[in-house]
>>> print(open('entry.txt').read())   # compact mmCIF, C-alpha atoms and all ligand atoms
# COMPACT_ATOMS: atom_id res chain seq x y z
CA MET R 147 -213.92 153.47 -3.08
CA LYS R 148 -210.28 152.44 -3.55
CA ASN R 149 -209.57 148.78 -2.79
CA ILE R 150 -206.03 148.13 -1.48
CA MET R 151 -204.67 144.70 -0.59
CA ILE R 152 -201.58 144.27 1.58
CA VAL R 153 -199.61 141.04 1.15
CA PHE R 154 -196.80 139.75 3.37
CA GLY R 155 -195.63 136.49 4.90
CA THR R 156 -192.59 136.67 7.16
CA ARG R 157 -191.76 138.24 10.53
CA PRO R 158 -189.88 141.32 9.27
CA GLU R 159 -192.48 142.14 6.61
CA ALA R 160 -195.20 141.89 9.26
CA ILE R 161 -193.35 144.21 11.67
CA LYS R 162 -192.95 146.79 8.91
CA MET R 163 -196.44 146.43 7.35
CA CYS R 164 -198.57 146.40 10.51
CA PRO R 165 -198.02 150.14 11.22
CA LEU R 166 -199.07 150.86 7.61
CA ILE R 167 -202.17 148.66 7.94
CA LYS R 168 -203.13 150.56 11.08
CA GLU R 169 -202.62 153.90 9.32
CA LEU R 170 -204.58 152.89 6.20
CA LYS R 171 -207.41 151.36 8.21
CA GLY R 172 -207.82 154.70 9.96
CA ARG R 173 -208.47 156.46 6.63
CA LYS R 174 -211.86 157.05 5.02
CA ASN R 175 -213.04 155.88 1.60
CA VAL R 176 -210.68 152.95 1.27
CA ARG R 177 -211.18 149.23 1.63
CA ILE R 178 -208.12 147.50 3.09
CA SER R 179 -207.68 143.73 2.96
CA VAL R 180 -204.76 141.81 4.41
CA CYS R 181 -203.44 138.62 2.82
CA VAL R 182 -200.70 136.68 4.58
CA THR R 183 -198.91 133.89 2.76
CA GLY R 184 -197.86 132.19 5.98
CA GLN R 185 -194.31 131.77 4.62
CA HIS R 186 -193.52 131.98 8.33
CA ARG R 187 -196.07 130.60 10.75
CA LYS R 188 -195.22 131.07 14.41
CA MET R 189 -192.90 134.05 13.85
CA LEU R 190 -195.56 135.73 11.71
CA ASP R 191 -198.39 135.01 14.13
CA GLN R 192 -196.36 136.50 17.02
CA VAL R 193 -196.29 139.83 15.17
CA LEU R 194 -199.92 139.74 14.03
CA LYS R 195 -200.93 139.18 17.64
CA ALA R 196 -198.70 141.98 18.93
CA PHE R 197 -200.18 144.50 16.47
CA GLU R 198 -203.70 143.03 16.69
CA VAL R 199 -203.96 142.46 12.93
CA ILE R 200 -206.36 139.75 11.75
CA PRO R 201 -205.71 138.72 8.12
CA ASP R 202 -208.58 138.40 5.67
CA TYR R 203 -206.73 135.70 3.73
CA ASP R 204 -204.10 133.23 4.91
CA LEU R 205 -202.38 130.98 2.37
CA SER R 206 -200.72 128.89 5.13
CA ILE R 207 -197.91 127.70 2.87
CA MET R 208 -195.08 127.13 5.39
CA GLN R 209 -193.34 123.76 5.38
CA GLU R 210 -190.41 122.64 7.49
CA LYS R 211 -187.10 123.27 5.64
CA GLN R 212 -189.04 124.70 2.71
CA THR R 213 -187.23 125.30 -0.57
CA LEU R 214 -187.45 128.46 -2.65
CA PHE R 215 -189.30 126.38 -5.26
CA GLU R 216 -191.95 125.32 -2.75
CA ILE R 217 -192.47 128.84 -1.38
CA THR R 218 -192.74 130.34 -4.87
CA THR R 219 -195.03 127.78 -6.48
CA ASN R 220 -197.33 127.41 -3.47
CA ILE R 221 -197.86 131.16 -3.19
CA LEU R 222 -198.28 131.65 -6.92
CA ASN R 223 -200.88 128.90 -7.18
CA LYS R 224 -202.91 130.20 -4.24
CA MET R 225 -202.71 133.94 -4.96
CA LYS R 226 -204.57 133.83 -8.27
CA ALA R 227 -207.98 132.94 -6.84
CA ILE R 228 -207.68 135.52 -4.05
CA LEU R 229 -206.66 138.33 -6.36
CA GLU R 230 -209.48 137.46 -8.75
CA GLN R 231 -212.00 137.40 -5.92
CA GLU R 232 -210.80 140.62 -4.27
CA HIS R 233 -210.06 142.64 -7.44
CA PRO R 234 -207.77 145.13 -5.66
CA ASP R 235 -206.94 148.43 -7.35
CA LEU R 236 -203.48 148.19 -5.83
CA VAL R 237 -201.44 145.58 -3.95
CA LEU R 238 -198.79 146.66 -1.45
CA VAL R 239 -195.80 144.37 -0.89
CA HIS R 240 -192.75 144.88 1.27
CA GLY R 241 -189.01 144.50 0.82
CA ASP R 242 -187.35 141.43 -0.62
CA THR R 243 -188.65 138.07 0.57
CA THR R 244 -189.89 135.30 -1.69
CA THR R 245 -193.43 136.22 -0.59
CA THR R 246 -192.78 139.74 -1.89
CA PHE R 247 -191.39 138.59 -5.22
CA THR R 248 -194.10 135.99 -5.82
CA ALA R 249 -196.99 138.25 -4.84
CA ALA R 250 -195.64 140.90 -7.21
CA LEU R 251 -195.32 138.31 -9.99
CA ALA R 252 -198.92 137.18 -9.43
CA CYS R 253 -200.09 140.81 -9.63
CA PHE R 254 -198.06 141.36 -12.78
CA TYR R 255 -199.64 138.30 -14.41
CA LEU R 256 -203.09 139.72 -13.59
CA GLN R 257 -202.03 143.29 -14.45
CA ILE R 258 -202.78 144.60 -10.95
CA PRO R 259 -200.72 147.69 -9.97
CA ILE R 260 -198.12 147.19 -7.23
CA GLY R 261 -196.82 149.52 -4.55
CA HIS R 262 -193.41 148.49 -3.21
CA VAL R 263 -192.70 149.48 0.38
CA GLU R 264 -188.97 149.62 1.28
CA ALA R 265 -188.00 149.97 -2.37
CA GLY R 266 -184.56 150.65 -3.83
CA LEU R 267 -182.28 148.79 -1.39
CA ARG R 268 -179.37 147.29 -3.30
CA THR R 269 -176.06 145.51 -2.89
CA TYR R 270 -175.78 144.92 -6.66
CA ASP R 271 -174.35 141.48 -5.85
CA ILE R 272 -177.18 139.27 -7.08
CA ASN R 273 -176.07 136.44 -4.74
CA ALA R 274 -175.82 138.49 -1.55
CA PRO R 275 -178.12 138.48 0.20
CA TYR R 276 -179.53 135.42 -1.55
CA PRO R 277 -182.22 135.38 -2.91
CA GLU R 278 -183.27 138.79 -1.59
CA GLU R 279 -181.21 140.96 -3.96
CA TYR R 280 -182.93 139.27 -6.91
CA ASN R 281 -186.35 139.55 -5.27
CA ARG R 282 -186.17 143.28 -4.67
CA GLN R 283 -184.71 144.08 -8.10
CA ALA R 284 -187.45 141.99 -9.75
CA VAL R 285 -190.21 143.77 -7.80
CA SER R 286 -188.81 147.16 -8.83
CA ILE R 287 -189.28 146.20 -12.49
CA VAL R 288 -193.04 145.78 -12.06
CA ALA R 289 -193.93 148.27 -9.30
CA SER R 290 -196.03 151.35 -10.05
CA TYR R 291 -195.16 153.07 -6.75
CA HIS R 292 -191.71 152.86 -5.15
CA PHE R 293 -191.69 153.86 -1.47
CA ALA R 294 -187.99 154.35 -0.81
CA PRO R 295 -186.91 154.58 2.82
CA THR R 296 -183.96 156.89 2.11
CA GLU R 297 -182.63 159.29 -0.52
CA ARG R 298 -179.88 156.77 -1.34
CA ALA R 299 -182.50 154.10 -2.12
CA LYS R 300 -184.28 156.62 -4.36
CA GLN R 301 -181.04 157.35 -6.21
CA ASN R 302 -180.52 153.61 -6.86
CA LEU R 303 -183.93 153.48 -8.53
CA ILE R 304 -183.31 156.63 -10.56
CA ARG R 305 -179.98 155.21 -11.79
CA GLU R 306 -181.88 152.11 -12.89
CA GLY R 307 -184.20 154.26 -14.98
CA LYS R 308 -187.34 154.09 -12.82
CA ALA R 309 -189.67 157.08 -13.30
CA ALA R 310 -188.70 159.75 -10.75
CA GLU R 311 -192.33 160.84 -10.26
CA LYS R 312 -193.21 157.35 -9.00
CA ILE R 313 -190.46 157.26 -6.35
CA TYR R 314 -191.25 158.68 -2.91
CA VAL R 315 -188.81 158.99 0.00
CA THR R 316 -190.88 158.09 3.06
CA GLY R 317 -188.53 156.73 5.75
CA ASN R 318 -188.77 153.12 6.85
CA THR R 319 -192.00 151.85 8.39
CA GLY R 320 -189.85 149.67 10.70
CA ILE R 321 -189.00 152.84 12.61
CA ASP R 322 -192.75 153.54 12.94
CA ALA R 323 -193.02 150.16 14.68
CA LEU R 324 -190.00 150.82 16.89
CA LYS R 325 -191.54 154.08 18.12
CA THR R 326 -194.48 152.15 19.55
CA THR R 327 -192.59 149.39 21.37
CA ILE R 328 -189.77 150.97 23.38
CA ARG R 329 -190.54 151.36 27.10
CA GLU R 330 -188.53 153.31 29.68
CA ASP R 331 -189.70 150.97 32.38
CA TYR R 332 -189.14 147.45 31.12
CA ASN R 333 -187.84 144.17 32.42
CA HIS R 334 -187.49 140.63 31.18
CA GLU R 335 -186.10 137.46 32.73
CA GLU R 336 -183.26 137.44 30.17
CA LEU R 337 -182.29 140.99 31.15
CA SER R 338 -182.26 139.96 34.81
CA TRP R 339 -180.01 137.03 33.87
CA ALA R 340 -177.66 139.33 31.93
CA SER R 341 -177.71 142.11 34.52
CA GLY R 342 -174.18 143.31 35.42
CA SER R 343 -172.63 141.77 32.31
CA LYS R 344 -171.73 143.15 28.90
CA MET R 345 -174.72 141.70 27.09
CA ILE R 346 -174.37 140.81 23.42
CA LEU R 347 -177.60 140.31 21.48
CA LEU R 348 -177.09 137.88 18.60
CA THR R 349 -179.29 136.95 15.64
CA ALA R 350 -178.24 134.95 12.57
CA HIS R 351 -180.41 133.27 9.98
CA ARG R 352 -179.43 134.17 6.40
CA ARG R 353 -179.68 131.37 3.85
CA GLU R 354 -176.22 132.15 2.39
CA ASN R 355 -174.67 131.91 5.89
CA ILE R 356 -176.10 128.47 6.70
CA GLY R 357 -173.22 125.97 6.80
CA GLU R 358 -169.56 126.93 7.17
CA PRO R 359 -170.06 130.75 7.47
CA MET R 360 -172.48 130.29 10.38
CA GLN R 361 -170.11 127.85 12.08
CA GLN R 362 -167.32 130.40 11.83
CA ILE R 363 -169.58 133.15 13.25
CA PHE R 364 -170.57 130.98 16.21
CA ARG R 365 -166.99 129.78 16.85
CA ALA R 366 -165.79 133.40 17.09
CA ILE R 367 -168.51 134.17 19.66
CA LYS R 368 -167.68 131.05 21.66
CA ARG R 369 -164.01 132.12 21.87
CA ILE R 370 -165.08 135.55 23.12
CA ILE R 371 -167.27 133.98 25.80
CA GLU R 372 -164.49 131.64 26.93
CA GLU R 373 -162.00 134.50 27.28
CA ASN R 374 -164.26 137.24 28.73
CA PRO R 375 -166.15 136.33 31.91
CA GLU R 376 -167.98 139.69 31.90
CA VAL R 377 -169.75 138.85 28.61
CA LYS R 378 -173.11 137.11 28.22
CA VAL R 379 -174.91 136.38 24.95
CA ILE R 380 -178.67 136.29 24.33
CA TYR R 381 -179.57 134.57 21.06
CA PRO R 382 -183.28 134.45 20.22
CA ILE R 383 -182.85 131.75 17.68
CA HIS R 384 -184.70 131.66 14.37
CA LEU R 385 -187.05 128.67 14.00
CA ASN R 386 -185.19 127.35 10.94
CA PRO R 387 -184.07 123.84 12.06
CA LEU R 388 -180.85 124.15 10.03
CA VAL R 389 -179.85 127.25 12.01
CA ARG R 390 -180.76 125.59 15.32
CA GLN R 391 -178.69 122.54 14.54
CA ILE R 392 -175.53 124.59 13.88
CA ALA R 393 -176.06 126.78 16.95
CA ARG R 394 -176.49 123.78 19.25
CA SER R 395 -173.50 121.96 17.79
CA VAL R 396 -171.12 124.92 18.26
CA PHE R 397 -172.45 126.46 21.50
CA GLY R 398 -173.36 123.19 23.26
CA ASP R 399 -174.42 124.00 26.80
CA GLU R 400 -172.17 127.03 27.26
CA GLU R 401 -173.62 128.72 30.37
CA ARG R 402 -173.12 132.32 29.32
CA ILE R 403 -174.90 131.87 25.98
CA HIS R 404 -178.67 131.71 26.22
CA LEU R 405 -180.31 130.18 23.15
CA ILE R 406 -183.92 131.24 23.52
CA GLU R 407 -187.08 131.10 21.41
CA PRO R 408 -187.85 134.02 19.02
CA LEU R 409 -188.88 137.00 21.12
CA GLU R 410 -192.09 138.94 20.76
CA VAL R 411 -191.30 142.16 18.94
CA LEU R 412 -191.86 144.38 21.99
CA ASP R 413 -189.45 142.24 24.01
CA PHE R 414 -186.89 142.12 21.22
CA HIS R 415 -186.87 145.90 20.76
CA ASN R 416 -186.55 146.54 24.48
CA ILE R 417 -183.75 144.01 24.90
CA LEU R 418 -182.03 145.50 21.83
CA ALA R 419 -182.27 148.94 23.44
CA ARG R 420 -180.42 147.56 26.49
CA ALA R 421 -177.71 145.52 24.73
CA TYR R 422 -174.04 146.39 24.99
CA LEU R 423 -173.41 145.20 21.46
CA VAL R 424 -175.42 143.60 18.63
CA LEU R 425 -174.15 140.86 16.30
CA THR R 426 -176.48 140.16 13.40
CA ASP R 427 -176.93 139.20 9.76
CA SER R 428 -180.50 140.56 9.85
CA GLY R 429 -181.66 143.41 7.64
CA GLY R 430 -184.24 145.03 9.90
CA ILE R 431 -181.98 145.11 12.95
CA GLN R 432 -179.46 147.14 10.93
CA GLU R 433 -182.17 149.82 10.68
CA GLU R 434 -183.37 149.68 14.28
CA ALA R 435 -179.97 149.78 16.00
CA PRO R 436 -178.80 153.18 14.67
CA SER R 437 -181.93 154.86 15.94
CA LEU R 438 -181.27 153.31 19.38
CA GLY R 439 -177.54 154.15 19.27
CA LYS R 440 -176.51 150.49 19.56
CA PRO R 441 -173.26 149.35 17.89
CA VAL R 442 -173.77 146.52 15.41
CA LEU R 443 -171.23 144.17 13.91
CA VAL R 444 -172.91 143.03 10.69
CA LEU R 445 -172.15 139.36 9.99
CA ARG R 446 -172.14 139.79 6.23
CA ASP R 447 -169.70 140.80 3.47
CA THR R 448 -172.01 143.38 1.99
CA THR R 449 -175.07 145.38 3.01
CA GLU R 450 -177.96 147.09 1.26
CA ARG R 451 -178.15 149.43 4.27
CA PRO R 452 -175.06 151.65 3.86
CA GLU R 453 -176.75 154.51 5.73
CA GLY R 454 -176.03 152.82 9.08
CA ILE R 455 -172.39 152.36 8.11
CA ALA R 456 -172.14 156.04 7.13
CA ALA R 457 -173.75 156.96 10.47
CA GLY R 458 -171.00 154.98 12.23
CA THR R 459 -173.28 152.57 14.13
CA LEU R 460 -172.78 149.58 11.83
CA CYS R 461 -169.55 147.86 10.91
CA LEU R 462 -169.36 145.07 8.30
CA VAL R 463 -167.27 142.22 9.68
CA GLY R 464 -168.06 139.37 7.24
CA THR R 465 -168.36 135.74 8.28
CA LYS R 466 -164.73 134.72 8.94
CA GLU R 467 -164.04 133.59 12.52
CA GLU R 468 -160.83 135.54 13.06
CA ASN R 469 -162.18 138.87 11.82
CA ILE R 470 -165.36 138.60 13.88
CA TYR R 471 -163.39 137.58 16.98
CA ARG R 472 -161.00 140.55 16.63
CA SER R 473 -163.83 143.01 15.95
CA ILE R 474 -165.77 141.96 19.05
CA ARG R 475 -162.60 142.04 21.17
CA LYS R 476 -161.88 145.58 20.01
CA LEU R 477 -165.34 146.78 21.03
CA LEU R 478 -164.99 145.09 24.42
CA ASN R 479 -161.58 146.63 25.14
CA ASP R 480 -161.35 149.93 23.27
CA GLU R 481 -163.70 152.40 24.92
CA ASP R 482 -163.17 155.17 22.34
CA THR R 483 -164.08 152.92 19.40
CA TYR R 484 -167.10 151.65 21.33
CA GLU R 485 -168.33 155.16 22.24
CA GLU R 486 -167.82 156.30 18.65
CA MET R 487 -170.29 153.61 17.50
CA CYS R 488 -172.89 154.41 20.18
CA LYS R 489 -174.12 157.67 18.68
CA ALA R 490 -177.81 157.52 17.87
CA SER R 491 -178.95 158.76 14.48
CA ASN R 492 -182.07 158.37 12.38
CA PRO R 493 -181.03 157.54 8.82
CA TYR R 494 -184.17 155.42 8.36
CA GLY R 495 -186.74 158.01 9.28
CA ASP R 496 -188.73 159.72 11.98
CA GLY R 497 -191.49 157.19 12.60
CA PHE R 498 -194.01 158.72 10.17
CA ALA R 499 -193.30 156.63 7.06
CA SER R 500 -196.72 154.95 7.14
CA LYS R 501 -198.49 158.29 7.29
CA ARG R 502 -196.52 159.52 4.27
CA ILE R 503 -197.35 156.39 2.27
CA ALA R 504 -201.04 156.68 3.14
CA ASP R 505 -201.03 160.38 2.16
CA ILE R 506 -199.43 159.57 -1.19
CA LEU R 507 -201.95 156.83 -1.92
CA LEU R 508 -205.08 158.51 -0.60
CA GLY R 509 -204.30 162.22 -0.32
CA ASP R 510 -203.63 164.15 2.93
CA GLU R 511 -206.23 163.92 5.65
C1 LIG R 601 -187.10 134.47 5.20
C2 LIG R 601 -186.73 135.39 4.03
C3 LIG R 601 -185.59 136.33 4.46
C4 LIG R 601 -185.90 137.05 5.76
C5 LIG R 601 -186.31 136.04 6.81
C6 LIG R 601 -186.74 136.77 8.05
C7 LIG R 601 -186.94 134.40 1.81
C8 LIG R 601 -186.32 133.54 0.78
N1 LIG R 601 -186.23 134.59 2.93
O1 LIG R 601 -185.96 133.66 5.44
O2 LIG R 601 -185.41 137.30 3.44
O3 LIG R 601 -184.75 137.71 6.18
O4 LIG R 601 -187.41 135.25 6.34
O5 LIG R 601 -186.72 135.96 9.18
O6 LIG R 601 -188.03 134.87 1.64
N2 LIG R 601 -189.70 128.33 10.32
C9 LIG R 601 -190.61 127.86 11.24
N3 LIG R 601 -191.53 128.72 11.76
C10 LIG R 601 -191.58 130.03 11.45
C11 LIG R 601 -190.63 130.52 10.52
C12 LIG R 601 -189.71 129.65 9.97
O7 LIG R 601 -190.62 126.68 11.57
O8 LIG R 601 -192.43 130.75 11.97
C13 LIG R 601 -188.71 127.41 9.74
C14 LIG R 601 -189.32 126.43 8.72
O9 LIG R 601 -188.71 125.17 8.84
C15 LIG R 601 -188.95 127.07 7.39
C16 LIG R 601 -187.58 127.65 7.73
O10 LIG R 601 -187.72 128.15 9.06
O11 LIG R 601 -188.92 126.14 6.35
C17 LIG R 601 -187.07 128.74 6.82
O12 LIG R 601 -188.06 129.73 6.59
P1 LIG R 601 -188.03 130.59 5.22
O13 LIG R 601 -189.13 131.58 5.22
O14 LIG R 601 -187.91 129.66 4.06
O15 LIG R 601 -186.62 131.33 5.27
P2 LIG R 601 -186.01 132.33 6.30
O16 LIG R 601 -184.61 131.92 6.50
O17 LIG R 601 -186.88 132.48 7.47
N1 LIG R 602 -187.14 140.40 15.86
C1 LIG R 602 -188.12 139.97 16.76
N2 LIG R 602 -187.84 138.90 17.57
C2 LIG R 602 -186.67 138.25 17.54
C3 LIG R 602 -185.68 138.67 16.59
C4 LIG R 602 -185.97 139.75 15.77
O1 LIG R 602 -189.19 140.55 16.84
O2 LIG R 602 -186.48 137.29 18.30
C5 LIG R 602 -187.45 141.54 14.96
C6 LIG R 602 -186.42 142.64 14.85
O3 LIG R 602 -186.66 143.66 15.79
C7 LIG R 602 -186.61 143.14 13.43
C8 LIG R 602 -187.07 141.92 12.68
O4 LIG R 602 -187.52 140.98 13.65
O5 LIG R 602 -187.66 144.09 13.38
C9 LIG R 602 -185.95 141.34 11.86
O6 LIG R 602 -186.35 140.10 11.35
P1 LIG R 602 -185.34 139.06 10.76
O7 LIG R 602 -183.99 139.29 11.32
O8 LIG R 602 -185.97 137.72 10.94
O9 LIG R 602 -185.39 139.38 9.21
P2 LIG R 602 -184.65 140.41 8.25
O10 LIG R 602 -184.83 141.78 8.77
O11 LIG R 602 -183.22 139.98 8.16
O12 LIG R 602 -185.30 140.20 6.92
>>> encode(input="entry.txt", output="structure tokens")
Amino acid sequence: MKNIMIVFGTRPEAIKMCPLIKELKGRKNVRISVCVTGQHRKMLDQVLKAFEVIPDYDLSIMQEKQTLFEITTNILNKMKAILEQEHPDLVLVHGDTTTTFTAALACFYLQIPIGHVEAGLRTYDINAPYPEEYNRQAVSIVASYHFAPTERAKQNLIREGKAAEKIYVTGNTGIDALKTTIREDYNHEELSWASGSKMILLTAHRRENIGEPMQQIFRAIKRIIEENPEVKVIYPIHLNPLVRQIARSVFGDEERIHLIEPLEVLDFHNILARAYLVLTDSGGIQEEAPSLGKPVLVLRDTTERPEGIAAGTLCLVGTKEENIYRSIRKLLNDEDTYEEMCKASNPYGDGFASKRIADILLGDE
């Protein structure tokens, strides 16, 4: 019987790996074990609870204001014993976090084959996003299976010389998750609060934006709020204390900006589906919004998700106050531009990525 271990540690990896865990656990003749690093704690546990996944191993490594050194060394030191005990035939990792990179490194040291889910995303700027671009490129060097969400991601890997027969275009498992969470009939106290307004959903957490870029992002949004009484902002704020500090210092107690705790994934998706506009530096939200037809201003200078830009739903606006301010104002005032960005498309798949990955690993059922 094949023995597959799935390793992840942060909120977005969990959202995108839980549908795959469910799919694999439904298959015969395979043992599936789940190892979480606990790089995130509360934000990870929220997702595990929502998808009813109970890990077999939990490295519990999270520390407040953790450094990349701490995350890497703590995971590396703890993974060895678990991998030696479990002896998996294959380890599946996801995307580009430090959990992903370190788990892949541990497997490489022990010569355990790796399957990389969400492979081939690239900006080719090694410092943006930081350290994710390095993480995903490093995992691609050692992976035996590359599960690329799109044809473009596959082409990146081919250009880098990865063996074509080991690259599979599957769609993104994040869309599998999204297909299970959206409800026609849904309400939430934040939606009631925002009812009748143009509701902007904001998220911002990237390491490279912490400091001056994040202050500029927040100042632009504050100006918009001050000048447009019809606008309200919901910001489910990441638990990183550095992010919280900047948000509180810029937004203060502005009444039409709600700084709330991280939302459960079902709530987040349903609020996203009802937003007027999304402002984010997140990766996963850039994939979810096009399939919901929600315009996104991406608070970054570059993106590894050009498919959403090509589809017209995403627009890169960088992190400079004036540019962000003008871009939001345009979408509030120019109906044609707004409508142009509202067209739903599915560049990241049809919701069956997990099934495809399971078929590739275990054969069709
Ligand atoms: C990590 C990933 C990033 C991903 C993001 C998703 C790395 C280097 N970065 O960034 O790619 O986009 O997750 O959200 O892997 N914290 C809590 N509780 C939690 C989660 C975080 O208190 O449940 C706080 C802790 O103080 C922690 C800090 O947030 O030290 C930062 O967490 P960390 O995982 O280092 O970085 P993220 O910015 O979340
Ligand atoms: N998300 C969530 N609750 C929130 C904010 C985001 O469940 O309060 C989900 C969102 O739908 C997406 C994922 O978290 O699936 C994105 O995670 P994040 O932005 O933290 O990381 P990234 O995708 O940038 O790595």
>>> atom_distance(input="entry.txt", atom1="atom CA of R:Pro359", atom2="atom CA of R:Thr465")
5.3 Å
>>> closest_residue(input="entry.txt", among="R:Lys325, R:Lys489, R:Arg369, R:Lys476", to="R:His415", atoms="all atoms listed in the file")
R:Lys325
>>> closest_atom_pairs(input="entry.txt", of="chain R", to="ligand LIG 602 (chain R)", cutoff="6 Å", atoms="only C-alpha atoms and all ligand atoms", output="Markdown table")
| residue | atom | partner | partner_atom | distance |
| --- | --- | --- | --- | --- |
| R:Arg157 | CA | R:LIG602 | O6 | 5.8 |
| R:Pro158 | CA | R:LIG602 | O6 | 4.3 |
| R:Ile161 | CA | R:LIG602 | O5 | 5.9 |
| R:Pro382 | CA | R:LIG602 | O2 | 4.7 |
| R:Pro408 | CA | R:LIG602 | O2 | 3.6 |
| R:Leu409 | CA | R:LIG602 | O2 | 3.7 |
| R:Glu410 | CA | R:LIG602 | O1 | 5.1 |
| R:Val411 | CA | R:LIG602 | O1 | 3.4 |
| R:Phe414 | CA | R:LIG602 | N2 | 5.0 |
| R:His415 | CA | R:LIG602 | O3 | 5.5 |
| R:Ser428 | CA | R:LIG602 | O11 | 3.3 |
| R:Gly429 | CA | R:LIG602 | O10 | 3.7 |
| R:Gly430 | CA | R:LIG602 | O10 | 3.5 |
| R:Ile431 | CA | R:LIG602 | C7 | 5.1 |
>>> write_last_selection(input="entry.txt", atoms="C-alpha atoms", output="PDB file, keeping the file's coordinate frame")
ATOM      1  CA  ARG R 157    -191.760 138.240  10.530  1.00  0.00           C
ATOM      2  CA  PRO R 158    -189.880 141.320   9.270  1.00  0.00           C
ATOM      3  CA  ILE R 161    -193.350 144.210  11.670  1.00  0.00           C
ATOM      4  CA  PRO R 382    -183.280 134.450  20.220  1.00  0.00           C
ATOM      5  CA  PRO R 408    -187.850 134.020  19.020  1.00  0.00           C
ATOM      6  CA  LEU R 409    -188.880 137.000  21.120  1.00  0.00           C
ATOM      7  CA  GLU R 410    -192.090 138.940  20.760  1.00  0.00           C
ATOM      8  CA  VAL R 411    -191.300 142.160  18.940  1.00  0.00           C
ATOM      9  CA  PHE R 414    -186.890 142.120  21.220  1.00  0.00           C
ATOM     10  CA  HIS R 415    -186.870 145.900  20.760  1.00  0.00           C
ATOM     11  CA  SER R 428    -180.500 140.560   9.850  1.00  0.00           C
ATOM     12  CA  GLY R 429    -181.660 143.410   7.640  1.00  0.00           C
ATOM     13  CA  GLY R 430    -184.240 145.030   9.900  1.00  0.00           C
ATOM     14  CA  ILE R 431    -181.980 145.110  12.950  1.00  0.00           C
TER      15      ILE R 431
END
>>> closest_atom_pairs(input="entry.txt", of="chain R", to="ligand LIG 601 (chain R)", cutoff="7 Å", atoms="all atoms listed in the file", output="tab-separated table")
residue	atom	partner	partner_atom	distance
R:Thr156	CA	R:LIG601	O4	5.4
R:Arg157	CA	R:LIG601	O5	5.7
R:Pro158	CA	R:LIG601	C6	5.7
R:Gln185	CA	R:LIG601	O13	5.2
R:His186	CA	R:LIG601	C11	3.9
R:Arg187	CA	R:LIG601	O8	3.8
R:Lys188	CA	R:LIG601	O8	3.7
R:Met189	CA	R:LIG601	O8	3.8
R:Leu190	CA	R:LIG601	O8	5.9
R:Met208	CA	R:LIG601	O11	6.3
R:Gln209	CA	R:LIG601	O11	5.1
R:Glu210	CA	R:LIG601	O9	3.3
R:Lys211	CA	R:LIG601	O11	3.5
R:Gln212	CA	R:LIG601	O11	3.9
R:Thr213	CA	R:LIG601	O14	6.4
R:Leu214	CA	R:LIG601	C8	6.2
R:Asp242	CA	R:LIG601	O2	6.1
R:Thr243	CA	R:LIG601	O6	3.4
R:Thr244	CA	R:LIG601	O6	3.8
R:Thr245	CA	R:LIG601	O6	6.0
R:Pro277	CA	R:LIG601	C8	5.8
R:Glu278	CA	R:LIG601	O2	5.7
R:His351	CA	R:LIG601	O16	5.6
R:Arg352	CA	R:LIG601	O16	5.6
R:Arg353	CA	R:LIG601	O16	5.6
R:His384	CA	R:LIG601	C12	7.0
R:Leu385	CA	R:LIG601	N2	4.5
R:Asn386	CA	R:LIG601	O10	3.3
R:Pro387	CA	R:LIG601	O9	5.8
R:Ser428	CA	R:LIG601	O3	6.3
R:Gly429	CA	R:LIG601	O3	6.6
>>> atom_distance(input="entry.txt", atom1="atom CA of R:Gly261", atom2="atom CA of R:Gly184")
20.3 Å
>>> residues_around(input="entry.txt", residues="R:Cys488", least_positions_apart="2", cutoff="12 Å", atoms="only C-alpha atoms", output="ChimeraX atom specification")
/R:419-424,435-442,454,457-461,477,481-486,490-491
>>> write_last_selection(input="entry.txt", atoms="C-alpha atoms", output="CSV table (one decimal), keeping the file's coordinate frame")
chain,number,residue,atom,x,y,z
R,419,ALA,CA,-182.3,148.9,23.4
R,420,ARG,CA,-180.4,147.6,26.5
R,421,ALA,CA,-177.7,145.5,24.7
R,422,TYR,CA,-174.0,146.4,25.0
R,423,LEU,CA,-173.4,145.2,21.5
R,424,VAL,CA,-175.4,143.6,18.6
R,435,ALA,CA,-180.0,149.8,16.0
R,436,PRO,CA,-178.8,153.2,14.7
R,437,SER,CA,-181.9,154.9,15.9
R,438,LEU,CA,-181.3,153.3,19.4
R,439,GLY,CA,-177.5,154.2,19.3
R,440,LYS,CA,-176.5,150.5,19.6
R,441,PRO,CA,-173.3,149.4,17.9
R,442,VAL,CA,-173.8,146.5,15.4
R,454,GLY,CA,-176.0,152.8,9.1
R,457,ALA,CA,-173.8,157.0,10.5
R,458,GLY,CA,-171.0,155.0,12.2
R,459,THR,CA,-173.3,152.6,14.1
R,460,LEU,CA,-172.8,149.6,11.8
R,461,CYS,CA,-169.6,147.9,10.9
R,477,LEU,CA,-165.3,146.8,21.0
R,481,GLU,CA,-163.7,152.4,24.9
R,482,ASP,CA,-163.2,155.2,22.3
R,483,THR,CA,-164.1,152.9,19.4
R,484,TYR,CA,-167.1,151.6,21.3
R,485,GLU,CA,-168.3,155.2,22.2
R,486,GLU,CA,-167.8,156.3,18.6
R,490,ALA,CA,-177.8,157.5,17.9
R,491,SER,CA,-179.0,158.8,14.5
>>> residues_around(input="entry.txt", residues="stretch 305-317 of chain R", least_positions_apart="4", cutoff="8 Å", atoms="all atoms listed in the file", output="count of residues only")
20
>>> closest_residue(input="entry.txt", among="R:Val396, R:Ala299, R:Leu443, R:Leu478", to="R:Pro493", atoms="all atoms listed in the file")
R:Ala299
>>> axis_aligned_box(input="entry.txt", around="stretch 437-456 of chain R", padding_each_side="6 Å", output="lines of an AutoDock Vina configuration file")
center_x = -175.8
center_y = 147.7
center_z = 10.4
size_x = 24.2
size_y = 28.7
size_z = 30.3
